[in-house]
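Data file: data.pdb. Format and content: PDB, C-alpha atoms.
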```pdb
ATOM      1  CA  MET W 331     181.622  21.042 -28.563
ATOM      2  CA  GLU W 332     179.909  18.122 -30.315
ATOM      3  CA  LYS W 333     176.672  16.209 -29.873
ATOM      4  CA  LYS W 334     176.177  12.677 -31.159
ATOM      5  CA  GLU W 335     174.676   9.314 -30.347
ATOM      6  CA  TYR W 336     176.661   6.653 -28.515
ATOM      7  CA  THR W 337     175.864   3.000 -27.824
ATOM      8  CA  LEU W 338     176.171   1.459 -24.363
ATOM      9  CA  SER W 339     178.662  -1.344 -24.988
ATOM     10  CA  GLU W 340     179.595  -2.519 -21.488
ATOM     11  CA  LYS W 341     178.647  -2.211 -17.815
ATOM     12  CA  GLU W 342     181.162  -3.338 -15.194
ATOM     13  CA  GLU W 343     180.024  -3.701 -11.595
ATOM     14  CA  ILE W 344     182.710  -2.595  -9.145
ATOM     15  CA  PHE W 345     180.473  -2.952  -6.102
ATOM     16  CA  ASP W 346     176.740  -2.840  -5.374
ATOM     17  CA  ASP W 347     176.329   0.878  -6.054
ATOM     18  CA  ILE W 348     179.384   1.657  -8.216
ATOM     19  CA  LYS W 349     179.585   0.778 -11.908
ATOM     20  CA  VAL W 350     181.737   1.651 -14.886
ATOM     21  CA  PHE W 351     179.896   2.367 -18.163
ATOM     22  CA  ARG W 352     181.533   2.279 -21.592
ATOM     23  CA  PHE W 353     179.991   3.851 -24.692
ATOM     24  CA  ILE W 354     181.087   3.583 -28.320
ATOM     25  CA  PRO W 355     180.180   6.227 -30.940
ATOM     26  CA  LYS W 356     177.363   5.152 -33.251
ATOM     27  CA  ASP W 357     179.211   6.558 -36.270
ATOM     28  CA  GLY W 358     182.549   5.053 -35.206
ATOM     29  CA  GLU W 359     184.236   8.413 -34.569
ATOM     30  CA  ASN W 360     184.825   9.453 -30.961
ATOM     31  CA  ILE W 361     184.221  13.034 -29.825
ATOM     32  CA  ARG W 362     187.563  14.781 -29.495
ATOM     33  CA  TYR W 363     188.430  15.848 -25.967
ATOM     34  CA  THR W 364     191.291  16.421 -23.565
ATOM     35  CA  ALA W 365     191.935  14.140 -20.595
ATOM     36  CA  GLY W 366     190.134  15.465 -17.500
ATOM     37  CA  GLN W 367     187.098  16.922 -19.275
ATOM     38  CA  PHE W 368     183.448  15.940 -18.749
ATOM     39  CA  PHE W 369     180.378  15.188 -20.852
ATOM     40  CA  LYS W 370     176.616  15.576 -20.737
ATOM     41  CA  ILE W 371     174.903  12.184 -21.058
ATOM     42  CA  GLY W 372     171.203  12.151 -21.907
ATOM     43  CA  ASP W 373     168.414  10.109 -23.446
ATOM     44  CA  ALA W 374     168.531   9.724 -27.212
ATOM     45  CA  GLY W 375     165.432  10.150 -29.344
ATOM     46  CA  LYS W 376     163.055  11.029 -26.502
ATOM     47  CA  LYS W 377     160.148  13.352 -27.273
ATOM     48  CA  GLU W 378     159.360  14.104 -23.642
ATOM     49  CA  GLU W 379     161.677  16.186 -21.501
ATOM     50  CA  PRO W 380     164.994  14.323 -21.644
ATOM     51  CA  LYS W 381     166.923  13.033 -18.650
ATOM     52  CA  PHE W 382     170.575  14.027 -18.491
ATOM     53  CA  ARG W 383     173.538  14.494 -16.193
ATOM     54  CA  TYR W 384     177.191  15.509 -16.425
ATOM     55  CA  TYR W 385     180.041  13.062 -15.807
ATOM     56  CA  SER W 386     183.819  13.279 -16.033
ATOM     57  CA  ALA W 387     185.309  10.749 -18.430
ATOM     58  CA  SER W 388     187.688   8.189 -16.956
ATOM     59  CA  SER W 389     188.784   7.123 -20.433
ATOM     60  CA  SER W 390     191.689   8.868 -22.121
ATOM     61  CA  PRO W 391     191.512  10.427 -25.605
ATOM     62  CA  ASP W 392     193.565   7.622 -27.185
ATOM     63  CA  MET W 393     190.763   5.134 -26.442
ATOM     64  CA  ASP W 394     188.037   4.490 -29.022
ATOM     65  CA  TYR W 395     185.221   4.705 -26.454
ATOM     66  CA  LEU W 396     184.055   6.968 -23.629
ATOM     67  CA  GLU W 397     184.074   5.556 -20.101
ATOM     68  CA  PHE W 398     182.482   6.830 -16.892
ATOM     69  CA  ALA W 399     182.612   5.646 -13.269
ATOM     70  CA  VAL W 400     179.198   6.197 -11.678
ATOM     71  CA  LYS W 401     177.807   5.827  -8.170
ATOM     72  CA  ILE W 402     174.216   4.613  -8.534
ATOM     73  CA  VAL W 403     172.243   7.115  -6.471
ATOM     74  CA  GLY W 404     169.273   9.173  -7.567
ATOM     75  CA  ARG W 405     166.896   9.065 -10.511
ATOM     76  CA  PHE W 406     169.227   9.523 -13.443
ATOM     77  CA  THR W 407     171.904   7.090 -12.294
ATOM     78  CA  GLY W 408     169.172   4.504 -11.677
ATOM     79  CA  HIS W 409     167.853   5.177 -15.179
ATOM     80  CA  LEU W 410     171.351   4.834 -16.634
ATOM     81  CA  ASP W 411     171.878   1.567 -14.788
ATOM     82  CA  SER W 412     168.584   0.200 -16.126
ATOM     83  CA  LEU W 413     169.602   0.666 -19.772
ATOM     84  CA  PRO W 414     170.258  -2.613 -21.565
ATOM     85  CA  ILE W 415     173.454  -3.124 -23.540
ATOM     86  CA  ASN W 416     173.235  -1.589 -27.056
ATOM     87  CA  SER W 417     170.942   1.213 -25.846
ATOM     88  CA  PHE W 418     171.550   4.642 -27.371
ATOM     89  CA  VAL W 419     172.380   7.771 -25.395
ATOM     90  CA  GLN W 420     173.016  11.347 -26.465
ATOM     91  CA  MET W 421     176.570  12.442 -25.667
ATOM     92  CA  GLU W 422     177.445  16.133 -25.638
ATOM     93  CA  GLY W 423     180.784  17.790 -24.941
ATOM     94  CA  PRO W 424     183.465  18.104 -24.008
ATOM     95  CA  TYR W 425     183.140  20.553 -21.120
ATOM     96  CA  GLY W 426     185.511  21.787 -18.452
ATOM     97  CA  HIS W 427     189.039  23.058 -17.894
ATOM     98  CA  PHE W 428     190.372  20.404 -15.515
ATOM     99  CA  ILE W 429     193.330  19.734 -17.786
ATOM    100  CA  TYR W 430     196.853  18.627 -16.983
ATOM    101  CA  GLY W 431     199.394  21.397 -17.534
ATOM    102  CA  GLY W 432     202.480  19.287 -18.203
ATOM    103  CA  GLU W 433     204.212  19.993 -14.886
ATOM    104  CA  GLU W 434     207.388  18.131 -13.911
ATOM    105  CA  LYS W 435     205.967  17.352 -10.462
ATOM    106  CA  SER W 436     202.277  16.794  -9.781
ATOM    107  CA  LEU W 437     200.004  15.483  -7.042
ATOM    108  CA  PHE W 438     196.596  13.978  -7.837
ATOM    109  CA  ILE W 439     194.024  13.657  -5.038
ATOM    110  CA  GLY W 440     190.733  11.833  -5.557
ATOM    111  CA  SER W 441     188.068  10.024  -3.553
ATOM    112  CA  GLY W 442     185.527   7.460  -4.718
ATOM    113  CA  VAL W 443     184.278   7.978  -8.262
ATOM    114  CA  GLY W 444     185.950  11.396  -8.095
ATOM    115  CA  VAL W 445     189.049   9.580  -9.290
ATOM    116  CA  ALA W 446     187.529   9.473 -12.809
ATOM    117  CA  PRO W 447     189.110  12.605 -14.364
ATOM    118  CA  LEU W 448     192.402  11.804 -12.623
ATOM    119  CA  MET W 449     192.276   8.321 -14.162
ATOM    120  CA  SER W 450     191.732   9.934 -17.548
ATOM    121  CA  ILE W 451     194.811  12.109 -17.075
ATOM    122  CA  ILE W 452     197.004   9.280 -15.749
ATOM    123  CA  ARG W 453     195.948   6.942 -18.564
ATOM    124  CA  GLY W 454     196.683   9.632 -21.121
ATOM    125  CA  LEU W 455     200.112  10.349 -19.664
ATOM    126  CA  LYS W 456     200.936   6.626 -19.628
ATOM    127  CA  TYR W 457     199.886   6.254 -23.271
ATOM    128  CA  GLN W 458     202.107   9.199 -24.246
ATOM    129  CA  ASN W 459     204.945   7.964 -21.999
ATOM    130  CA  LYS W 460     204.931  11.342 -20.233
ATOM    131  CA  ILE W 461     204.617  10.387 -16.570
ATOM    132  CA  LYS W 462     207.451  12.324 -14.931
ATOM    133  CA  ASP W 463     207.030  12.633 -11.161
ATOM    134  CA  ALA W 464     203.365  12.054 -10.317
ATOM    135  CA  ILE W 465     201.742  10.946  -7.069
ATOM    136  CA  LEU W 466     198.123   9.880  -6.586
ATOM    137  CA  ILE W 467     196.422   9.832  -3.176
ATOM    138  CA  TYR W 468     193.226   7.816  -3.633
ATOM    139  CA  GLY W 469     190.640   7.853  -0.855
ATOM    140  CA  GLY W 470     187.863   5.370  -0.179
ATOM    141  CA  ARG W 471     186.466   2.889   2.330
ATOM    142  CA  LYS W 472     187.663  -0.441   0.972
ATOM    143  CA  THR W 473     189.756  -1.213  -2.095
ATOM    144  CA  GLU W 474     187.070  -3.604  -3.370
ATOM    145  CA  LYS W 475     184.734  -0.611  -3.735
ATOM    146  CA  MET W 476     187.292   1.602  -5.514
ATOM    147  CA  PRO W 477     187.082   1.874  -9.307
ATOM    148  CA  PHE W 478     190.275   1.079 -11.237
ATOM    149  CA  PHE W 479     192.103  -0.297  -8.185
ATOM    150  CA  LYS W 480     193.710  -3.192 -10.072
ATOM    151  CA  GLU W 481     194.540  -1.126 -13.150
ATOM    152  CA  LEU W 482     196.178   1.563 -11.039
ATOM    153  CA  GLY W 483     198.348  -1.116  -9.470
ATOM    154  CA  ARG W 484     199.503  -2.193 -12.913
ATOM    155  CA  LEU W 485     200.117   1.382 -14.005
ATOM    156  CA  GLU W 486     202.267   2.012 -10.949
ATOM    157  CA  GLU W 487     204.327  -1.113 -11.679
ATOM    158  CA  GLU W 488     204.817  -0.104 -15.315
ATOM    159  CA  SER W 489     205.556   3.597 -14.727
ATOM    160  CA  LYS W 490     208.715   4.618 -12.885
ATOM    161  CA  GLY W 491     207.391   8.138 -12.342
ATOM    162  CA  LEU W 492     204.056   7.185 -10.728
ATOM    163  CA  LYS W 493     203.475   6.522  -7.021
ATOM    164  CA  ILE W 494     200.093   5.660  -5.527
ATOM    165  CA  TYR W 495     198.996   5.974  -1.902
ATOM    166  CA  TYR W 496     195.635   4.938  -0.463
ATOM    167  CA  ALA W 497     193.650   6.633   2.306
ATOM    168  CA  LEU W 498     191.231   3.959   3.520
ATOM    169  CA  THR W 499     188.542   4.381   6.180
ATOM    170  CA  GLY W 500     186.941   0.915   6.089
ATOM    171  CA  GLU W 501     189.969  -1.348   6.435
ATOM    172  CA  GLU W 502     191.626  -2.554   9.642
ATOM    173  CA  LYS W 503     194.990  -2.708   7.888
ATOM    174  CA  LEU W 504     196.380  -1.765   4.502
ATOM    175  CA  PRO W 505     195.879  -4.549   1.938
ATOM    176  CA  GLU W 506     198.999  -6.342   0.768
ATOM    177  CA  GLY W 507     200.986  -4.251  -1.696
ATOM    178  CA  CYS W 508     199.241  -0.988  -0.791
ATOM    179  CA  LYS W 509     200.965   2.062   0.674
ATOM    180  CA  GLY W 510     199.135   4.780   2.546
ATOM    181  CA  VAL W 511     197.072   5.448   5.670
ATOM    182  CA  LEU W 512     193.893   4.265   7.390
ATOM    183  CA  LYS W 513     192.106   7.623   7.573
ATOM    184  CA  ARG W 514     190.456  10.256   5.432
ATOM    185  CA  ILE W 515     192.488  12.550   3.241
ATOM    186  CA  ASP W 516     193.392  15.787   5.002
ATOM    187  CA  ILE W 517     196.354  18.150   5.097
ATOM    188  CA  GLY W 518     198.082  15.933   7.666
ATOM    189  CA  VAL W 519     197.867  12.947   5.322
ATOM    190  CA  ILE W 520     199.276  15.021   2.468
ATOM    191  CA  MET W 521     202.182  16.219   4.624
ATOM    192  CA  GLN W 522     202.904  12.656   5.743
ATOM    193  CA  LEU W 523     202.765  10.977   2.346
ATOM    194  CA  VAL W 524     204.054  13.787   0.115
ATOM    195  CA  PRO W 525     206.531  15.948   2.059
ATOM    196  CA  ASP W 526     207.388  17.973  -1.057
ATOM    197  CA  PHE W 527     203.731  18.801  -1.861
ATOM    198  CA  ARG W 528     204.530  22.536  -1.945
ATOM    199  CA  GLU W 529     206.700  21.904  -5.008
ATOM    200  CA  ARG W 530     203.874  20.225  -6.919
ATOM    201  CA  THR W 531     200.823  21.310  -8.876
ATOM    202  CA  ILE W 532     197.838  19.667  -7.219
ATOM    203  CA  TYR W 533     194.809  18.268  -9.050
ATOM    204  CA  MET W 534     191.811  17.318  -6.880
ATOM    205  CA  CYS W 535     188.377  15.807  -7.502
ATOM    206  CA  GLY W 536     185.834  14.475  -5.012
ATOM    207  CA  HIS W 537     183.186  15.604  -2.534
ATOM    208  CA  LYS W 538     182.918  19.369  -2.192
ATOM    209  CA  GLU W 539     183.459  19.203   1.579
ATOM    210  CA  MET W 540     186.863  17.542   1.151
ATOM    211  CA  LEU W 541     187.838  19.885  -1.653
ATOM    212  CA  SER W 542     186.839  23.021   0.233
ATOM    213  CA  SER W 543     188.800  21.945   3.302
ATOM    214  CA  LEU W 544     191.921  20.980   1.345
ATOM    215  CA  ASN W 545     191.781  24.084  -0.813
ATOM    216  CA  LYS W 546     191.755  26.282   2.288
ATOM    217  CA  THR W 547     194.502  24.421   4.164
ATOM    218  CA  LEU W 548     196.759  24.102   1.108
ATOM    219  CA  GLN W 549     196.642  27.876   0.671
ATOM    220  CA  ILE W 550     197.444  28.328   4.369
ATOM    221  CA  GLU W 551     200.459  26.088   3.762
ATOM    222  CA  GLY W 552     201.679  28.455   1.068
ATOM    223  CA  LEU W 553     200.357  27.101  -2.217
ATOM    224  CA  SER W 554     199.068  29.680  -4.682
ATOM    225  CA  LEU W 555     195.702  29.318  -6.383
ATOM    226  CA  GLU W 556     197.537  28.722  -9.660
ATOM    227  CA  LYS W 557     198.966  25.481  -8.266
ATOM    228  CA  ILE W 558     195.630  24.100  -7.025
ATOM    229  CA  LYS W 559     193.318  22.669  -9.718
ATOM    230  CA  ILE W 560     189.875  21.527  -8.582
ATOM    231  CA  GLU W 561     187.001  19.617 -10.209
ATOM    232  CA  ARG W 562     183.957  19.647  -7.918
ATOM    233  CA  TRP W 563     181.009  17.271  -7.812
ATOM    234  CA  GLY W 564     178.327  16.272  -5.331
TER     235      GLY W 564
END
```

Would it be possible to restate this file's structure as structure tokens?
Amino acid sequence: MEKKEYTLSEKEEIFDDIKVFRFIPKDGENIRYTAGQFFKIGDAGKKEEPKFRYYSASSSPDMDYLEFAVKIVGRFTGHLDSLPINSFVQMEGPYGHFIYGGEEKSLFIGSGVGVAPLMSIIRGLKYQNKIKDAILIYGGRKTEKMPFFKELGRLEEESKGLKIYYALTGEEKLPEGCKGVLKRIDIGVIMQLVPDFRERTIYMCGHKEMLSSLNKTLQIEGLSLEKIKIERWG
């Protein structure tokens, strides 16, 4: 685990309350980590009790910066959003064991900004040309509010082994070019979109209510705990 200062280099607004933050290391050398891990972001150089929070990186280790998709709710996210470009933060990590195991067949399930560690893994696999047979089910209300929507479309076009389905609750019909359903992610959606899900290792990140429900029903459907990898937040 390392601790060092990073500089806020870019803020990208996805929608009103969802932004992507990019940080570059002050000394030019990124903290080493594995795709899927998370970091502690806090104030740099503060004498009073520092503000901090943990976020999964959406960047992959081959990138020269750290990137995070953040929903702006609460005190710390508001503080983070108020930082001007070139502000310093204290970055600490990496943490976590939500790491891709190199399986031939995998299923990624994410909702909202919970797609961040899955994006990190998918980006890393694309960079290494190691996408074999991977499916992502990405849940949200509208595609315009979903981080990395356009990039994921490009990745799917460029990667023969990657398929992406969307589970949308705020659209009347699927946007052009999108495959998926107009409902929340549940076991029925998984069965419909990925009939061979029992043959895959499943990686999930999102709201704890969704994860708890899917974890229970996936085990009922015969998946072992070893084949269900979960990163919880919220």

With the cut-off set at 12 Å and counting only C-alpha atoms, tabulate each residue of segment 471-524 of chain W with an atom at most that distance from an atom of segment 391-410 of chain W, showing the nearest atom pair and its distance in Å to one decimal, ordered by chain and increasing number, as CSV.
```
residue,atom,partner,partner_atom,distance
W:Lys475,CA,W:Lys401,CA,10.4
W:Met476,CA,W:Ala399,CA,9.9
W:Pro477,CA,W:Ala399,CA,7.1
W:Phe478,CA,W:Ala399,CA,9.1
```

Can those selected residues be exported to a file as an mmCIF file, keeping the file's coordinate frame so that it contains C-alpha atoms?
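The result, stored in again-v6.cif:
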```cif
data_model
loop_
_atom_site.group_PDB
_atom_site.id
_atom_site.type_symbol
_atom_site.label_atom_id
_atom_site.label_comp_id
_atom_site.auth_asym_id
_atom_site.auth_seq_id
_atom_site.Cartn_x
_atom_site.Cartn_y
_atom_site.Cartn_z
ATOM 1 C CA LYS W 475 184.734 -0.611 -3.735
ATOM 2 C CA MET W 476 187.292 1.602 -5.514
ATOM 3 C CA PRO W 477 187.082 1.874 -9.307
ATOM 4 C CA PHE W 478 190.275 1.079 -11.237
#
```

key: Selection result for the PyMOL selection byres ((chain W and resi 533-538) around 7) on this file, as a list in words   =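 Checking the PyMOL selection byres ((chain W and resi 533-538) around 7) against this file, the residues are Leu437, Phe438, Ile439, Gly440, Ser441, Gly444, Val445, Thr531, Ile532, Glu539, Met540, Leu541, Ser542, Ile558, Lys559, Ile560, Glu561, Arg562, Trp563 and Gly564 of chain W.
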
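Interatomic distance, atom CA of Gly552 of chain W against atom CA of Lys435 of chain W: 16.6 Å.
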
inquiry  = For a quick check of understanding, using only C-alpha atoms, which of W:Arg530, W:Arg352, W:Lys513, W:Arg471 has the smallest distance to Ala387 of chain W?
reply    = W:Arg352

request  = Using atom CA of Ser339 of chain W and atom CA of Ser417 of chain W as the two end points, give the distance in Å to one decimal.
outcome  = 8.2 Å

message = Between atom CA of Arg453 of chain W and atom CA of Pro525 of chain W, what is the distance in Å, rounded to a tenth?
response = 24.9 Å

To test the calculation: enclose all listed atoms of segment 474-477 of chain W in a box whose edges run along x, y and z, add 4 Å on each side, then state centre and edge lengths in Å to one decimal, as AutoDock Vina command-line options.
```
--center_x 186.0 --center_y -0.9 --center_z -6.3 --size_x 10.6 --size_y 13.5 --size_z 13.9
```

key: Who sits within 12 Å of Ala497 of chain W, all atoms listed in the file, same chain under 4 positions skipped, as an MDAnalysis selection string   = chainID W and resid 439:442 466:473 476 501:505 508:516 518:520 522:523

I want to know what sits within 9 Å of Glu342 of chain W, based on all atoms listed in the file, with residues of the same chain fewer than 4 positions away left out; could you give that as a tab-separated table (two decimals) with C-alpha atoms, keeping the file's coordinate frame?
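For reference, out.tsv as written:
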```
chain	number	residue	atom	x	y	z
W	348	ILE	CA	179.38	1.66	-8.22
W	349	LYS	CA	179.58	0.78	-11.91
W	350	VAL	CA	181.74	1.65	-14.89
W	351	PHE	CA	179.90	2.37	-18.16
W	352	ARG	CA	181.53	2.28	-21.59
```

query = Ile461 of chain W: which residues within 10 Å, counting all atoms listed in the file, same-chain residues fewer than 2 positions away excluded, as a PyMOL selection string?
reply = chain W and resi 432-436+451-459+463-465+489-492

Near-Phe368 of chain W list (6 Å; only C-alpha atoms; drop same-chain fewer than 6 positions) as a PyMOL selection string = chain W and resi 385-387+424-425

Because the input lacks atoms here, generate N, CA and C atoms for segment 475-498 of chain W and report them as a compact mmCIF listing (two decimals), keeping the file's coordinate frame.
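Saved file out_34.txt follows:
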```txt
# COMPACT_ATOMS: atom_id res chain seq x y z
N LYS W 475 185.75 -1.55 -3.28
CA LYS W 475 184.73 -0.61 -3.74
C LYS W 475 185.32 0.51 -4.60
N MET W 476 186.62 0.47 -4.85
CA MET W 476 187.29 1.60 -5.51
C MET W 476 187.51 1.31 -7.00
N PRO W 477 186.89 2.09 -7.87
CA PRO W 477 187.08 1.87 -9.31
C PRO W 477 188.55 1.95 -9.70
N PHE W 478 188.95 1.08 -10.61
CA PHE W 478 190.28 1.08 -11.24
C PHE W 478 191.41 0.67 -10.29
N PHE W 479 191.07 0.07 -9.16
CA PHE W 479 192.10 -0.30 -8.18
C PHE W 479 193.17 -1.20 -8.81
N LYS W 480 192.75 -2.26 -9.49
CA LYS W 480 193.71 -3.19 -10.07
C LYS W 480 194.51 -2.55 -11.21
N GLU W 481 193.83 -1.77 -12.04
CA GLU W 481 194.54 -1.13 -13.15
C GLU W 481 195.57 -0.13 -12.64
N LEU W 482 195.22 0.61 -11.60
CA LEU W 482 196.18 1.56 -11.04
C LEU W 482 197.42 0.85 -10.51
N GLY W 483 197.21 -0.33 -9.93
CA GLY W 483 198.35 -1.12 -9.47
C GLY W 483 199.28 -1.48 -10.61
N ARG W 484 198.68 -1.86 -11.74
CA ARG W 484 199.50 -2.19 -12.91
C ARG W 484 200.22 -0.97 -13.45
N LEU W 485 199.51 0.15 -13.49
CA LEU W 485 200.12 1.38 -14.00
C LEU W 485 201.31 1.81 -13.15
N GLU W 486 201.17 1.65 -11.83
CA GLU W 486 202.27 2.01 -10.95
C GLU W 486 203.48 1.11 -11.20
N GLU W 487 203.23 -0.18 -11.41
CA GLU W 487 204.33 -1.11 -11.68
C GLU W 487 205.03 -0.79 -12.99
N GLU W 488 204.27 -0.33 -13.97
CA GLU W 488 204.82 -0.10 -15.32
C GLU W 488 205.42 1.29 -15.49
N SER W 489 205.14 2.20 -14.56
CA SER W 489 205.56 3.60 -14.73
C SER W 489 206.49 4.00 -13.60
N LYS W 490 207.74 4.25 -13.91
CA LYS W 490 208.72 4.62 -12.88
C LYS W 490 208.36 5.93 -12.19
N GLY W 491 207.67 6.82 -12.90
CA GLY W 491 207.39 8.14 -12.34
C GLY W 491 206.09 8.25 -11.57
N LEU W 492 205.37 7.14 -11.38
CA LEU W 492 204.06 7.18 -10.73
C LEU W 492 204.09 6.45 -9.40
N LYS W 493 203.64 7.14 -8.34
CA LYS W 493 203.48 6.52 -7.02
C LYS W 493 202.02 6.67 -6.59
N ILE W 494 201.48 5.63 -5.96
CA ILE W 494 200.09 5.66 -5.53
C ILE W 494 200.00 5.33 -4.04
N TYR W 495 199.27 6.19 -3.31
CA TYR W 495 199.00 5.97 -1.90
C TYR W 495 197.49 5.91 -1.71
N TYR W 496 197.06 5.10 -0.74
CA TYR W 496 195.64 4.94 -0.46
C TYR W 496 195.31 5.48 0.92
N ALA W 497 194.16 6.15 1.03
CA ALA W 497 193.65 6.63 2.31
C ALA W 497 192.33 5.91 2.53
N LEU W 498 192.36 4.87 3.36
CA LEU W 498 191.23 3.96 3.52
C LEU W 498 190.58 4.12 4.90
```
